[in-house]
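Accompanying notes for the structure given below.
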Amino acid sequence: MRTSLFLLLTASALAQTPRPGVNYDEAKVGNDPLPDLKLTTADDWTQKRRPEILKLFEDQVYGKTPADIGTPKFEVTATKSDALGGLATRKFIHISLPNHPAWPGMDVMLYTPNAAKAAPCFVGLSFGGNHAVSTEADVPLSTRWMRESKEKNIIDHRATEATRGTESSRWPLEMILKRGFAVATAYYGDIEPDHADGWKEGLRAAVSKEGANTVRKAGEWGAIGAWSWGLSRIADYLQTDAQIDGSHLAVIGHSRLGKTSLWAGVQDRRFGIVISNDSGEGGAALMRRDFGETTAIITKAFPHWFTPNYADYAGKAAACPVDMHMLIGLAAPRPIYIASAAEDHWADQKGEFLSGKFASPVYALFGKQGVIVDEQPAIDTPVGDFIGYHIRTGKHDVTDFDWTQYMNFAARHWSK
Ligand code: GCU
């Protein structure tokens with residue numbers, strides 16, 4: 001009894017132990033003013049200001065997505081019409097680039113509800129691969145590089161049978177399909193493995209003239225850019241599938257993949273709804289706030305996610321010509337949802353809320369309301385109209401509560 005109480009206390013004390021040098025004191029977040037959105041009219045925003053800000057994000061943060069990568073090829077490799085006990089049809093689609101055969105391509109898993117003709121669809125990348133998202137035993141195991149993990153039974157950088165379903169709590173497929181939505185997903189490492197040299201075996205090297213000898217230049221895309229590109233190729237395929245309502249696609253992602261869904265969503269307007277789940281630093285959290293992870297920490301730990309210029313703002317976020325309220329504003333007037341988790345201080349929940357709050361004036365240009373409220377709402381209390389926001393009980397994760405809010409949000413906007 002005594003020992004287990006002791007262990008419990010130690011574990012929770014550890015979980016709350018601030019990392020050295022990381023600020024968790026609201027009084028010390030700093031008060032650098034945010035860059036001015038320079039709003040005038042909706043037309044001016046669309047024609048002039050939005051492209052200017054998008055370019056700043058390309059130059060300074062994520063890098064520019066090359067325009068001339070080539071036409072993707074889609075091959076439906078398997079179809080099962082009675083997946084999930086008859087609830088859904090499951091398809092696998094291999095997406096490749098015939099003019100860049102060095103890229104191994106990506107395997108999309110698509111579940112469409114059998115009860116619907118053409119379903120609206122959530123589109124998102126996974127951390128663990130299709131076999132980790134689904135609990136169905138006949139989903140092919142990914143053979144790609146993965147981060148070593150004892151807990152998830154990833155051995156020698158490869159998935160094993162024991163990794164099946166390890167991400168399924170983050171993808172409540174039955175719940176989503178029962179509400180009439182489809183789900184399209186792929187392993188993010190199919191596009192490019194997530195480590196500093198991953199680009200050499202991934203998309204970025206495959207499509208560049210110099211291949212793996214490329215020296216990354218200022219303004220060139222990082223891994224988040226490459227993963228975002230992959231999301232847009234899934235959208236390309238979905239436009240061709242009769243079981244999907246291609247005009248109702250929502251892009252979704254968690255954490256680093258939430259940063260990715262934001263960047264994919266602002267670049268590709270076919271994503272009618274953009275969802276950021278606990279995206280934190282380099283995602284929805286304002287970079288000027290020194291709380292939890294900072295620009296200095298993220299560019300040191302994950303330089304490959306961003307364009308090289310982004311590291312120039314390590315320790316001087318205030319010098320960056322953009323902040324994340326501008327990223328959220330780039331989605332306007334499309335609905336966007338930002339979610340935080342109460343224990344996820346690393347992601348700076350308040351900074352995530354504030355980017356939505358300070359992006360709301362962009363929506364006002366279009367006669368639409370953003371988050372509506374001035375203060376971060378109480379836990380488990382979703383707010384907002386065209387910018388949805390909640391902070392839910394619990395840790396850095398994707399839960400049924402999160403999905404319920406996203407589906408409510410999509411149902412509300414898409415029934416209008
Ligand atoms: C790290 C990183 C975060 C990121 C997270 C994740 O914690 O510092 O920026 O969001 O990994 O993707 O899980």
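Labels for the structure tokens follow display order: chains A, B, ..., residues from 1 in each chain, ligands from 1.
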
List the spatial neighbours of Gly105 in chain A as a PyMOL selection string - criterion: any atom at most 8 Å away, only C-alpha atoms, same-chain residues fewer than 6 positions off excluded. chain A and resi 94-97+190-191

10 Å from ligand 1 is the threshold here; counting only C-alpha atoms and all ligand atoms, which polymer residues fall inside it? Answer as a PyMOL selection string. chain A and resi 127+253-260+277-283+292-295+297-302+305+344+346-347+396-397

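For the choices A:Asn130, A:Gly219, A:Ala137, A:Thr65, the atom-to-atom distance to Ser232 in chain A is smallest for A:Thr65 when using only C-alpha atoms.
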
At a cut-off of 9 Å, using only C-alpha atoms, what residues contact Lys395 in chain A? Leave out same-chain residues fewer than 3 positions from it and give the result as a PyMOL selection string. chain A and resi 341-344+392+398

Generate a file of the selected residues that holds C-alpha atoms, formatted as a PDB file, in the first residue's frame.
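File written: out_26.pdb
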ATOM      1  CA  ALA A 341      -5.566  19.528 -23.082  1.00  0.00           C
ATOM      2  CA  ALA A 342      -5.532  20.693 -19.483  1.00  0.00           C
ATOM      3  CA  GLU A 343      -2.329  18.853 -18.531  1.00  0.00           C
ATOM      4  CA  ASP A 344      -0.515  19.720 -21.756  1.00  0.00           C
ATOM      5  CA  ARG A 392     -10.431  19.265 -22.168  1.00  0.00           C
ATOM      6  CA  VAL A 398      -6.662  12.657 -28.846  1.00  0.00           C
TER       7      VAL A 398
END

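For range 54-101 of chain A, the set of residues given alpha helix (DSSP H) by DSSP on the backbone reads Leu54, Lys55, Leu56 and Phe57 of chain A.
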
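Of the listed residues (A:Tyr363, A:Leu249, A:Phe353, A:Asn213), A:Leu249 comes nearest to Arg270 in chain A; the distances count only C-alpha atoms.
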